[in-house]
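Note sheet for the following structure.
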Amino acid sequence: MTKINGVLATVAGLAVSELAAGLTGTRVTPTLAVGQLVIEYTPGSVAERAISAVGQWDKPLLVAGVLVVTLVIGAFLGSQAERRPAVATGGFAVLALIGAVAVLSRPDGRALSVVAAVAGAGTAALALRLLQKQRRSSEPPVAVATGAGRPAVDRRTVLRNVVVVLAGSAVVAGAGRWIGHARTAVEQTRAGLRLPVRQIATPDGTDPAVKGITAWKTPTADFYRIDTALSPPLIKPEDWSLRIHGMVEQELTLTYQDLVDRGLVDAWVTLCCVSNPVGGDLIGNTSFSGVPTKQILADVGVLPEADALLSTSEDGWTCGTPLEALTDGRNSLLAVAMDGEPLTVDHGFPVRQVVPGLYGYVSATKWVVDWEVTRFGAFSAYWTRRGWSDKGPVKTHSRIDTPGGDVDAGPVKVAGVAWAQHRGIEAVEVRVDGGAWQPATLSTVDGGSVSTNGDADPESTRIDTWVQWVWDWEATGGDHTLEVRATDSTGEPQTSEVADVLPDGATGYHSVRLSVG
Ligand SMILES: Nc1nc2c(c(=O)[nH]1)N[C@H]1C(S)=C(S)[C@@H](COP(=O)(O)O)O[C@H]1N2
Ligand SMILES: [Mo]
């Protein structure tokens with residue numbers, strides 16, 4: 001019973017910490033902050049395996065894990081309350097300390113944020129005392145019932161406690177969430193924004209009529225999301241600024257309005273994650289709108305010795321990008337919109353980077369607020385510190401989207417996408433059962449539909465995106481293996497060598513095994 005009291009007291013404490021976080025404007029609550037610490041101290045390879053095992057469930061599962069561990073600790077402290085009350089109280093004090101350290105370790109952590117941890121743990125300790133006291137007074141005068149010599153359990157009292165504490169906690173935590181409604185406020189600001197951007201029609205020549213092939217444009221709602229934020233930064237455009245400093249002739253601070261006033265460029269860019277396994281779907285293609293990074297870097301005057309840009313997000317994530325990719329005229333953008341709409345909060349609102357040809361972890365900083373022009377070797381960034389490579393050019397890759405399973409004998413459309421951003425795909429081939437490679441038909445992209453910045457390669461509409469391909473197969477009965485490989489515009493075919501995503505991206509052919517009936 002005392003264990004149940006411990007759990008109930010902890011639930012009450014967690015609820016009060018949510019409320020206190022809401023009242024003090026602490027976006028990353030103690031629970032989330034502890035989760036963030038777990039994320040930060042998890043080695044890259046372990047994180048990688050966890051993400052590939054549970055996919056986009058990684059964050060909810062992590063938060064659930066933190067809650068469960070906290071409740072188990074609460075149960076233990078409850079079991080100590082009777083005989084060793086100091087242990088129980090001390091235990092909650094330790095939880096308060098852990099929560100406080102965690103919130104303060106956030107880049108946006110303030111002294112006031114500690115209130116949530118202290119109030120939560122204090123509530124838990126107090127609630128446990130009250131529950132214990134009430135238990136004692138509700139015990140029958142003569143403890144007879146149980147052989148163990150322990151007082152009989154009053155089930156009704158327990159049940160009432162459970163109901164009262166859970167309902168009360170739900171109300172309190174809900175109030176906390178409601179008060180800390182910053183997200184809604186930012187969402188409202190976002191919805192009210194009128195940017196000079198438009199949704200761009202999918203170019204002619206794309207989306208061949210094949211069932212099951214990946215659409216050329218990825219709807220924003222389906223765009224993969226990868227970041228280390230348990231609770232994404234909430235930044236209003238009017239509060240946003242980008243500080244540019246380091247090896248520059250002239251420091252500069254840009255506001256959101258400065259960016260919009262410079263004029264926005266639209267570009268189709270396929271963004272992908274270095275953690276995408278062979279055949280995986282951590283990739284998406286859409287039009288981004290923003291200001292060319294080249295323009296901004298020209299304005300600050302990059303010193304000749306510099307070769308890297310270290311960018312930092314509002315939540316303290318960092319990445320290092322070769323200056324060359326930001327200044328060579330490709331459509332590298334400080335983006336404010338995707339698919340003709342302001343970025344969503346999850347995808348970096350109000351401003352993020354997009355650099356065609358580089359994996360996201362070395363280029364695509366969301367919620368970016370700081371640029372330091374520097375040199376590779378002078379820093380290590382979030383993922384490079386965890387064993388990933390300094391440079392992350394996208395590797396040539398191809399994927400079979402359809403068929404995904406068994407088919408009938410006869411003509412079958414084998415189709416999918418291939419990508420080698422900023423080199424471009426020249427050819428895609430398919431083979432059956434290790435036979436000869438057969439050329440697939442690539443969908444063409446009419447480049448005229450997108451404006452490119454002054455000296456961007458006019459072909460960049462095509463080379464910076466994935467390409468859809470189709471191969472007509474005369475399927476014969478039996479079990480078969482289909483494989484695909486792509487060749488980039490340098491003439492280099494995709495390697496068959498199987499490599500893991502760590503340290504710089506997976507390689508190997510994507511294959512599909514199926515039976516033809
Ligand atoms: N602030 C921040 N930006 C980030 C990350 C992050 O963890 N934090 N992850 C990067 C990685 S690894 C990838 S693949 C892309 C994913 O962008 P998306 O979530 O918009 O698809 O964002 C990049 N930008
Ligand atoms: Mo990534």
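Each chain in the structure tokens gets a letter, A, B, ..., in the order shown, and its residues are numbered from 1; ligands are numbered from 1 in order too.
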Please build the interface table for chain A against ligand 2 with a cut-off of 7 Å, listing for each qualifying residue the nearest atom pair and the distance in Å to one decimal; count only C-alpha atoms and all ligand atoms, order rows by chain and increasing number, and write it as JSON lines.
```
{"residue": "A:Ile226", "atom": "CA", "partner": "ligand 2", "partner_atom_place_in_ligand_line": "1 (Mo)", "distance": 5.9}
{"residue": "A:Cys272", "atom": "CA", "partner": "ligand 2", "partner_atom_place_in_ligand_line": "1 (Mo)", "distance": 6.8}
{"residue": "A:Cys273", "atom": "CA", "partner": "ligand 2", "partner_atom_place_in_ligand_line": "1 (Mo)", "distance": 3.6}
{"residue": "A:Val274", "atom": "CA", "partner": "ligand 2", "partner_atom_place_in_ligand_line": "1 (Mo)", "distance": 5.0}
{"residue": "A:Ser275", "atom": "CA", "partner": "ligand 2", "partner_atom_place_in_ligand_line": "1 (Mo)", "distance": 5.8}
{"residue": "A:Tyr359", "atom": "CA", "partner": "ligand 2", "partner_atom_place_in_ligand_line": "1 (Mo)", "distance": 6.4}
{"residue": "A:Gly360", "atom": "CA", "partner": "ligand 2", "partner_atom_place_in_ligand_line": "1 (Mo)", "distance": 4.7}
{"residue": "A:Tyr361", "atom": "CA", "partner": "ligand 2", "partner_atom_place_in_ligand_line": "1 (Mo)", "distance": 4.7}
```
Can you work out which residues are within 9 Å of ligand 1, considering only C-alpha atoms and all ligand atoms, and then hand them over as a short mmCIF file (atom, residue, chain, number, x, y, z; two decimals) with all heavy atoms, in the first residue's frame?
```
data_model
loop_
_atom_site.label_atom_id
_atom_site.label_comp_id
_atom_site.auth_asym_id
_atom_site.auth_seq_id
_atom_site.Cartn_x
_atom_site.Cartn_y
_atom_site.Cartn_z
N PHE A 223 6.40 15.00 -44.14
CA PHE A 223 7.85 15.18 -44.23
C PHE A 223 8.50 14.61 -42.98
O PHE A 223 8.08 14.92 -41.87
CB PHE A 223 8.18 16.66 -44.38
CG PHE A 223 9.43 16.93 -45.16
CD1 PHE A 223 9.37 17.25 -46.51
CD2 PHE A 223 10.68 16.85 -44.55
CE1 PHE A 223 10.52 17.49 -47.25
CE2 PHE A 223 11.83 17.08 -45.27
CZ PHE A 223 11.76 17.40 -46.63
N TYR A 224 9.52 13.77 -43.15
CA TYR A 224 10.16 13.16 -41.99
C TYR A 224 10.67 14.25 -41.05
O TYR A 224 11.00 15.35 -41.48
CB TYR A 224 11.30 12.23 -42.42
CG TYR A 224 12.61 12.92 -42.75
CD1 TYR A 224 13.62 13.03 -41.79
CD2 TYR A 224 12.85 13.45 -44.01
CE1 TYR A 224 14.82 13.66 -42.09
CE2 TYR A 224 14.04 14.07 -44.32
CZ TYR A 224 15.03 14.19 -43.34
OH TYR A 224 16.21 14.82 -43.63
N ARG A 225 10.74 13.91 -39.78
CA ARG A 225 11.24 14.88 -38.82
C ARG A 225 12.34 14.22 -37.99
O ARG A 225 12.14 13.15 -37.42
CB ARG A 225 10.12 15.33 -37.89
CG ARG A 225 10.64 16.23 -36.77
CD ARG A 225 9.62 16.52 -35.70
NE ARG A 225 10.31 17.13 -34.56
CZ ARG A 225 9.78 17.27 -33.36
NH1 ARG A 225 8.56 16.85 -33.12
NH2 ARG A 225 10.46 17.82 -32.39
N ILE A 226 13.50 14.87 -37.94
CA ILE A 226 14.59 14.38 -37.10
C ILE A 226 15.17 15.58 -36.35
O ILE A 226 15.59 16.56 -36.96
CB ILE A 226 15.72 13.74 -37.95
CG1 ILE A 226 15.26 12.44 -38.60
CG2 ILE A 226 16.95 13.49 -37.09
CD1 ILE A 226 15.23 11.24 -37.70
N ASP A 227 15.16 15.51 -35.04
CA ASP A 227 15.88 16.49 -34.24
C ASP A 227 15.97 15.98 -32.82
O ASP A 227 15.37 14.97 -32.47
CB ASP A 227 15.20 17.87 -34.30
CG ASP A 227 13.76 17.80 -33.86
OD1 ASP A 227 13.51 17.42 -32.70
OD2 ASP A 227 12.86 18.10 -34.67
N THR A 228 16.74 16.70 -32.01
CA THR A 228 16.98 16.26 -30.64
C THR A 228 16.04 16.97 -29.65
O THR A 228 16.23 16.83 -28.45
CB THR A 228 18.43 16.57 -30.24
OG1 THR A 228 18.63 17.99 -30.38
CG2 THR A 228 19.42 15.84 -31.13
N ALA A 229 15.07 17.71 -30.16
CA ALA A 229 14.22 18.51 -29.27
C ALA A 229 12.98 17.74 -28.83
O ALA A 229 12.15 17.38 -29.65
CB ALA A 229 13.81 19.80 -29.97
N PRO A 232 9.85 21.33 -29.26
CA PRO A 232 10.56 22.19 -30.22
C PRO A 232 10.59 23.64 -29.77
O PRO A 232 9.66 24.12 -29.13
CB PRO A 232 9.73 22.04 -31.51
CG PRO A 232 8.39 21.59 -31.05
CD PRO A 232 8.59 20.81 -29.79
N PRO A 233 11.68 24.36 -30.07
CA PRO A 233 11.77 25.77 -29.72
C PRO A 233 10.57 26.55 -30.27
O PRO A 233 10.09 26.26 -31.37
CB PRO A 233 13.05 26.23 -30.40
CG PRO A 233 13.89 25.01 -30.48
CD PRO A 233 12.92 23.89 -30.72
N LEU A 271 15.75 16.76 -49.11
CA LEU A 271 16.50 16.74 -47.85
C LEU A 271 16.50 15.31 -47.33
O LEU A 271 15.47 14.63 -47.37
CB LEU A 271 15.79 17.67 -46.85
CG LEU A 271 16.37 17.83 -45.46
CD1 LEU A 271 17.74 18.48 -45.54
CD2 LEU A 271 15.44 18.71 -44.61
N CYS A 272 17.65 14.83 -46.90
CA CYS A 272 17.66 13.48 -46.33
C CYS A 272 18.59 13.39 -45.14
O CYS A 272 19.45 14.25 -44.92
CB CYS A 272 17.98 12.43 -47.38
SG CYS A 272 19.60 12.58 -48.11
N CYS A 273 18.36 12.34 -44.37
CA CYS A 273 19.07 12.16 -43.11
C CYS A 273 20.17 11.12 -43.28
O CYS A 273 19.95 10.09 -43.92
CB CYS A 273 18.10 11.72 -42.02
SG CYS A 273 18.87 11.54 -40.40
N VAL A 274 21.30 11.37 -42.66
CA VAL A 274 22.42 10.43 -42.72
C VAL A 274 22.03 9.10 -42.07
O VAL A 274 22.60 8.06 -42.38
CB VAL A 274 23.66 11.05 -42.04
CG1 VAL A 274 23.45 11.19 -40.53
CG2 VAL A 274 24.92 10.26 -42.33
N SER A 275 21.03 9.12 -41.20
CA SER A 275 20.59 7.89 -40.53
C SER A 275 19.61 7.09 -41.36
O SER A 275 19.08 6.07 -40.89
CB SER A 275 19.92 8.23 -39.19
OG SER A 275 20.87 8.77 -38.32
N ASN A 276 19.35 7.54 -42.58
CA ASN A 276 18.43 6.79 -43.43
C ASN A 276 19.08 5.46 -43.83
O ASN A 276 20.11 5.45 -44.48
CB ASN A 276 18.11 7.62 -44.68
CG ASN A 276 16.90 7.10 -45.41
OD1 ASN A 276 15.98 6.56 -44.80
ND2 ASN A 276 16.90 7.24 -46.72
N LEU A 282 13.72 8.29 -44.53
CA LEU A 282 14.08 9.56 -43.89
C LEU A 282 14.56 10.53 -44.96
O LEU A 282 15.71 10.97 -44.98
CB LEU A 282 15.15 9.35 -42.82
CG LEU A 282 14.73 8.48 -41.64
CD1 LEU A 282 15.89 8.29 -40.66
CD2 LEU A 282 13.54 9.10 -40.92
N ILE A 283 13.66 10.83 -45.88
CA ILE A 283 13.97 11.69 -47.02
C ILE A 283 12.68 12.32 -47.49
O ILE A 283 11.60 11.70 -47.41
CB ILE A 283 14.64 10.86 -48.14
CG1 ILE A 283 14.97 11.73 -49.36
CG2 ILE A 283 13.80 9.65 -48.56
CD1 ILE A 283 15.94 11.08 -50.34
N GLY A 284 12.78 13.57 -47.97
CA GLY A 284 11.59 14.24 -48.48
C GLY A 284 12.00 15.31 -49.48
O GLY A 284 13.14 15.79 -49.47
N THR A 312 24.18 27.36 -34.87
CA THR A 312 23.60 26.91 -33.59
C THR A 312 22.12 27.24 -33.58
O THR A 312 21.71 28.32 -34.01
CB THR A 312 24.30 27.62 -32.41
OG1 THR A 312 25.70 27.43 -32.51
CG2 THR A 312 23.82 27.07 -31.07
N SER A 313 21.34 26.29 -33.07
CA SER A 313 19.90 26.52 -32.98
C SER A 313 19.55 27.11 -31.63
O SER A 313 20.37 27.09 -30.70
CB SER A 313 19.15 25.21 -33.17
OG SER A 313 19.41 24.37 -32.07
N GLU A 314 18.35 27.58 -31.51
CA GLU A 314 17.91 28.17 -30.25
C GLU A 314 17.99 27.18 -29.11
O GLU A 314 18.21 27.54 -27.98
CB GLU A 314 16.47 28.69 -30.41
CG GLU A 314 16.00 29.64 -29.34
CD GLU A 314 15.16 28.96 -28.28
OE1 GLU A 314 14.94 27.73 -28.36
OE2 GLU A 314 14.70 29.66 -27.38
N ASP A 315 17.85 25.87 -29.43
CA ASP A 315 17.93 24.87 -28.37
C ASP A 315 19.33 24.28 -28.24
O ASP A 315 19.51 23.22 -27.64
CB ASP A 315 16.87 23.77 -28.54
CG ASP A 315 17.04 23.00 -29.84
OD1 ASP A 315 17.57 23.57 -30.81
OD2 ASP A 315 16.63 21.82 -29.89
N GLY A 316 20.32 24.96 -28.78
CA GLY A 316 21.70 24.58 -28.51
C GLY A 316 22.28 23.49 -29.38
O GLY A 316 23.39 23.01 -29.13
N TRP A 317 21.56 23.05 -30.41
CA TRP A 317 22.08 22.04 -31.33
C TRP A 317 23.05 22.75 -32.28
O TRP A 317 22.85 23.92 -32.61
CB TRP A 317 20.93 21.42 -32.11
CG TRP A 317 21.29 20.27 -33.00
CD1 TRP A 317 21.41 18.95 -32.63
CD2 TRP A 317 21.53 20.32 -34.42
NE1 TRP A 317 21.72 18.19 -33.73
CE2 TRP A 317 21.81 18.99 -34.83
CE3 TRP A 317 21.55 21.34 -35.36
CZ2 TRP A 317 22.10 18.66 -36.16
CZ3 TRP A 317 21.84 21.02 -36.68
CH2 TRP A 317 22.11 19.69 -37.08
N THR A 318 24.12 22.06 -32.67
CA THR A 318 25.11 22.71 -33.54
C THR A 318 25.42 21.84 -34.75
O THR A 318 25.29 20.62 -34.70
CB THR A 318 26.43 22.94 -32.79
OG1 THR A 318 26.84 21.71 -32.20
CG2 THR A 318 26.30 24.01 -31.72
N CYS A 319 25.84 22.50 -35.82
CA CYS A 319 26.33 21.76 -36.97
C CYS A 319 27.35 22.59 -37.75
O CYS A 319 27.32 23.81 -37.73
CB CYS A 319 25.18 21.25 -37.82
SG CYS A 319 24.74 22.13 -39.29
N LEU A 343 7.47 27.86 -42.49
CA LEU A 343 7.92 26.59 -41.92
C LEU A 343 6.99 26.21 -40.78
O LEU A 343 6.49 27.09 -40.07
CB LEU A 343 9.33 26.74 -41.36
CG LEU A 343 10.47 27.05 -42.31
CD1 LEU A 343 11.73 27.37 -41.50
CD2 LEU A 343 10.71 25.88 -43.25
N THR A 344 6.79 24.93 -40.56
CA THR A 344 6.05 24.53 -39.36
C THR A 344 7.02 24.56 -38.17
O THR A 344 8.24 24.56 -38.36
CB THR A 344 5.48 23.12 -39.49
OG1 THR A 344 6.57 22.21 -39.65
CG2 THR A 344 4.54 22.99 -40.70
N ASP A 346 7.77 22.28 -36.09
CA ASP A 346 8.62 21.08 -36.07
C ASP A 346 9.73 21.13 -37.11
O ASP A 346 10.75 20.47 -36.96
CB ASP A 346 7.78 19.83 -36.33
CG ASP A 346 6.95 19.45 -35.12
OD1 ASP A 346 7.17 20.03 -34.04
OD2 ASP A 346 6.06 18.58 -35.27
N HIS A 347 9.50 21.85 -38.19
CA HIS A 347 10.52 21.90 -39.25
C HIS A 347 11.35 23.17 -39.20
O HIS A 347 12.00 23.53 -40.18
CB HIS A 347 9.87 21.69 -40.62
CG HIS A 347 9.38 20.29 -40.82
ND1 HIS A 347 10.22 19.20 -40.94
CD2 HIS A 347 8.12 19.78 -40.87
CE1 HIS A 347 9.51 18.10 -41.07
NE2 HIS A 347 8.23 18.42 -41.03
N GLY A 348 11.33 23.86 -38.04
CA GLY A 348 12.31 24.91 -37.84
C GLY A 348 11.81 26.34 -37.77
O GLY A 348 12.63 27.26 -37.80
N ARG A 352 15.28 28.26 -40.86
CA ARG A 352 16.18 27.12 -40.86
C ARG A 352 17.11 27.19 -42.07
O ARG A 352 16.89 27.99 -42.98
CB ARG A 352 15.41 25.81 -40.95
CG ARG A 352 14.88 25.56 -42.38
CD ARG A 352 14.30 24.19 -42.59
NE ARG A 352 15.21 23.14 -42.20
CZ ARG A 352 14.85 21.87 -42.08
NH1 ARG A 352 13.60 21.52 -42.33
NH2 ARG A 352 15.72 20.96 -41.73
N GLN A 353 18.11 26.34 -42.08
CA GLN A 353 18.99 26.23 -43.24
C GLN A 353 18.58 25.04 -44.10
O GLN A 353 18.06 24.04 -43.60
CB GLN A 353 20.43 26.00 -42.78
CG GLN A 353 21.00 27.14 -41.99
CD GLN A 353 22.31 26.79 -41.31
OE1 GLN A 353 22.64 27.42 -40.32
NE2 GLN A 353 23.04 25.80 -41.81
N VAL A 354 18.83 25.16 -45.40
CA VAL A 354 18.68 24.04 -46.33
C VAL A 354 19.85 24.13 -47.30
O VAL A 354 20.06 25.18 -47.91
CB VAL A 354 17.37 24.13 -47.14
CG1 VAL A 354 17.20 22.87 -47.97
CG2 VAL A 354 16.17 24.33 -46.24
N TYR A 359 23.86 15.96 -46.07
CA TYR A 359 22.92 15.39 -45.11
C TYR A 359 22.51 16.47 -44.11
O TYR A 359 23.27 17.40 -43.83
CB TYR A 359 23.55 14.21 -44.38
CG TYR A 359 23.72 12.96 -45.23
CD1 TYR A 359 24.97 12.39 -45.44
CD2 TYR A 359 22.61 12.35 -45.82
CE1 TYR A 359 25.12 11.25 -46.21
CE2 TYR A 359 22.75 11.21 -46.60
CZ TYR A 359 24.01 10.66 -46.79
OH TYR A 359 24.15 9.53 -47.56
N GLY A 360 21.33 16.28 -43.54
CA GLY A 360 20.78 17.28 -42.63
C GLY A 360 21.66 17.58 -41.43
O GLY A 360 21.71 18.72 -40.97
N TYR A 361 22.38 16.58 -40.93
CA TYR A 361 23.12 16.79 -39.68
C TYR A 361 24.30 17.73 -39.85
O TYR A 361 24.85 18.21 -38.87
CB TYR A 361 23.59 15.44 -39.09
CG TYR A 361 24.87 14.89 -39.67
CD1 TYR A 361 26.07 14.93 -38.95
CD2 TYR A 361 24.89 14.32 -40.94
CE1 TYR A 361 27.25 14.43 -39.48
CE2 TYR A 361 26.07 13.81 -41.48
CZ TYR A 361 27.24 13.88 -40.75
OH TYR A 361 28.41 13.39 -41.28
N VAL A 362 24.72 18.01 -41.09
CA VAL A 362 25.82 18.96 -41.31
C VAL A 362 25.35 20.20 -42.07
O VAL A 362 26.17 20.94 -42.59
CB VAL A 362 26.99 18.32 -42.08
CG1 VAL A 362 27.77 17.35 -41.21
CG2 VAL A 362 26.51 17.64 -43.36
N SER A 363 24.03 20.40 -42.15
CA SER A 363 23.61 21.51 -43.00
C SER A 363 22.27 22.15 -42.64
O SER A 363 22.08 23.34 -42.89
CB SER A 363 23.51 21.02 -44.45
OG SER A 363 22.45 20.09 -44.58
N ALA A 364 21.34 21.37 -42.10
CA ALA A 364 19.93 21.81 -42.14
C ALA A 364 19.42 22.37 -40.82
O ALA A 364 18.27 22.17 -40.44
CB ALA A 364 19.06 20.65 -42.59
N THR A 365 20.26 23.11 -40.10
CA THR A 365 19.90 23.62 -38.78
C THR A 365 18.53 24.29 -38.75
O THR A 365 18.27 25.25 -39.47
CB THR A 365 20.98 24.63 -38.30
OG1 THR A 365 22.25 24.03 -38.48
CG2 THR A 365 20.76 25.00 -36.84
N LYS A 366 17.67 23.75 -37.90
CA LYS A 366 16.34 24.32 -37.69
C LYS A 366 16.42 25.29 -36.52
O LYS A 366 17.30 25.17 -35.68
CB LYS A 366 15.33 23.20 -37.38
CG LYS A 366 15.33 22.10 -38.44
CD LYS A 366 14.14 21.15 -38.29
CE LYS A 366 14.43 19.99 -37.37
NZ LYS A 366 13.36 18.95 -37.45
N TRP A 367 15.51 26.26 -36.47
CA TRP A 367 15.48 27.25 -35.38
C TRP A 367 16.85 27.91 -35.22
O TRP A 367 17.32 28.18 -34.12
CB TRP A 367 15.06 26.58 -34.05
CG TRP A 367 13.92 25.65 -34.18
CD1 TRP A 367 12.63 25.98 -34.46
CD2 TRP A 367 13.93 24.20 -34.05
NE1 TRP A 367 11.84 24.84 -34.51
CE2 TRP A 367 12.62 23.74 -34.26
CE3 TRP A 367 14.92 23.26 -33.75
CZ2 TRP A 367 12.27 22.40 -34.20
CZ3 TRP A 367 14.59 21.92 -33.71
CH2 TRP A 367 13.27 21.51 -33.92
N VAL A 368 17.52 28.17 -36.36
CA VAL A 368 18.90 28.66 -36.31
C VAL A 368 18.93 30.09 -35.77
O VAL A 368 18.11 30.93 -36.16
CB VAL A 368 19.55 28.57 -37.71
CG1 VAL A 368 18.81 29.39 -38.75
CG2 VAL A 368 21.03 28.96 -37.65
N TYR A 382 27.33 18.93 -32.71
CA TYR A 382 26.51 17.97 -31.95
C TYR A 382 26.77 16.51 -32.36
O TYR A 382 27.08 15.67 -31.53
CB TYR A 382 25.01 18.30 -32.12
CG TYR A 382 24.14 17.47 -31.19
CD1 TYR A 382 23.77 17.94 -29.94
CD2 TYR A 382 23.73 16.18 -31.56
CE1 TYR A 382 23.00 17.18 -29.09
CE2 TYR A 382 22.96 15.41 -30.70
CZ TYR A 382 22.60 15.91 -29.47
OH TYR A 382 21.86 15.13 -28.63
N TRP A 383 26.63 16.19 -33.66
CA TRP A 383 26.76 14.79 -34.05
C TRP A 383 28.21 14.38 -34.29
O TRP A 383 28.56 13.21 -34.13
CB TRP A 383 25.89 14.48 -35.27
CG TRP A 383 24.44 14.38 -34.91
CD1 TRP A 383 23.44 15.22 -35.28
CD2 TRP A 383 23.83 13.40 -34.05
NE1 TRP A 383 22.25 14.84 -34.71
CE2 TRP A 383 22.46 13.72 -33.95
CE3 TRP A 383 24.32 12.29 -33.34
CZ2 TRP A 383 21.57 12.97 -33.18
CZ3 TRP A 383 23.43 11.54 -32.57
CH2 TRP A 383 22.07 11.89 -32.50
#
```
Worksheet item: A:Ile73, A:Ile244, A:Ala21, A:Ala475: which is nearest A:Leu310, counting only C-alpha atoms?
Response: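 Selected residue with least distance to A:Leu310: A:Ile244.
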Discussion item. Give me, as a list in words, the residues of stretch 204-258 of chain A that a backbone DSSP run labels strand (DSSP E).
Written reply: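 Matching residues, listed in order: Ser241, Leu242, Arg243, Ile244, His245, Gly246, Leu252, Thr253, Leu254 and Thr255 of chain A.
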Practice prompt. Counting only C-alpha atoms, figure out which residue out of A:Ala125, A:Val72, A:Ala50, A:Ala116 gets nearest to A:Thr31.
Written response: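 Closest to A:Thr31, using only C-alpha atoms: A:Ala116.
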Practice prompt. Apply DSSP to the backbone of this structure and, from stretch 306-377 of chain A, keep only the residues in helix (DSSP H, G or I); write these as a ChimeraX atom specification.
Written response: /A:323-327,345-347,360-362
Prev. selection, N, CA and C atoms, output as an mmCIF file, in the first residue's frame:
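As a result, part09.cif now contains:
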```cif
data_model
loop_
_atom_site.group_PDB
_atom_site.id
_atom_site.type_symbol
_atom_site.label_atom_id
_atom_site.label_comp_id
_atom_site.auth_asym_id
_atom_site.auth_seq_id
_atom_site.Cartn_x
_atom_site.Cartn_y
_atom_site.Cartn_z
ATOM 1 N N LEU A 323 31.932 26.032 -45.981
ATOM 2 C CA LEU A 323 31.535 27.327 -46.558
ATOM 3 C C LEU A 323 31.315 27.207 -48.054
ATOM 4 N N GLU A 324 32.082 26.313 -48.672
ATOM 5 C CA GLU A 324 31.975 26.169 -50.109
ATOM 6 C C GLU A 324 30.539 25.871 -50.539
ATOM 7 N N ALA A 325 29.882 24.947 -49.804
ATOM 8 C CA ALA A 325 28.515 24.565 -50.184
ATOM 9 C C ALA A 325 27.533 25.717 -49.966
ATOM 10 N N LEU A 326 27.940 26.687 -49.150
ATOM 11 C CA LEU A 326 27.043 27.810 -48.853
ATOM 12 C C LEU A 326 27.282 28.995 -49.775
ATOM 13 N N THR A 327 28.383 28.938 -50.544
ATOM 14 C CA THR A 327 28.752 30.110 -51.350
ATOM 15 C C THR A 327 28.998 29.788 -52.817
ATOM 16 N N VAL A 345 6.465 24.606 -36.981
ATOM 17 C CA VAL A 345 7.301 24.652 -35.779
ATOM 18 C C VAL A 345 8.265 23.464 -35.771
ATOM 19 N N ASP A 346 7.772 22.282 -36.093
ATOM 20 C CA ASP A 346 8.619 21.084 -36.071
ATOM 21 C C ASP A 346 9.731 21.126 -37.114
ATOM 22 N N HIS A 347 9.502 21.853 -38.190
ATOM 23 C CA HIS A 347 10.516 21.902 -39.248
ATOM 24 C C HIS A 347 11.349 23.174 -39.199
ATOM 25 N N GLY A 360 21.328 16.276 -43.544
ATOM 26 C CA GLY A 360 20.776 17.277 -42.625
ATOM 27 C C GLY A 360 21.660 17.577 -41.430
ATOM 28 N N TYR A 361 22.378 16.576 -40.927
ATOM 29 C CA TYR A 361 23.123 16.786 -39.676
ATOM 30 C C TYR A 361 24.299 17.734 -39.850
ATOM 31 N N VAL A 362 24.720 18.011 -41.087
ATOM 32 C CA VAL A 362 25.818 18.961 -41.308
ATOM 33 C C VAL A 362 25.347 20.196 -42.072
#
```
Worksheet item: In terms of the shortest atom-to-atom distance over only C-alpha atoms, which of A:Asp299, A:Glu372, A:Asp464, A:Glu429 is closest to A:Arg399?
Response: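 Among A:Asp299, A:Glu372, A:Asp464, A:Glu429, it is A:Glu429 that comes nearest to A:Arg399.
In this comparison, which uses only C-alpha atoms, the residue of A:Asp261, A:Asp328, A:Arg243, A:Ser79 approaching A:Lys294 most closely is A:Asp328.
Those residues that approach stretch 59-62 of chain A to within 9 Å, counting only C-alpha atoms, are Gly35, Val38, Ile39, Val54, Gln56, Trp57, Ala64, Gly65, Val66, Leu67, Thr228, Ala229 and Leu230 of chain A; same-chain residues fewer than 2 positions away are not listed.
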Item to complete: Just give me the gap between atom CA of A:Thr293 and atom CA of A:Glu341 in Å, one decimal is fine.
Response: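 If I compute the distance from atom CA of A:Thr293 to atom CA of A:Glu341, I get 19.9 Å.
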Worksheet item: Do you know which residues are at most 9 Å from stretch 505-508 of chain A counting only C-alpha atoms, after dropping those on the same chain fewer than 6 positions away, and could you put them as a count of residues only?
Response: 20
Worksheet entry | Selection near stretch 16-20 of chain A, 7 Å with only C-alpha atoms, sequence-local residues under 4 positions removed, as a PyMOL selection string | chain A and resi 12+24+29+115-117+119-120+172-173+175-177
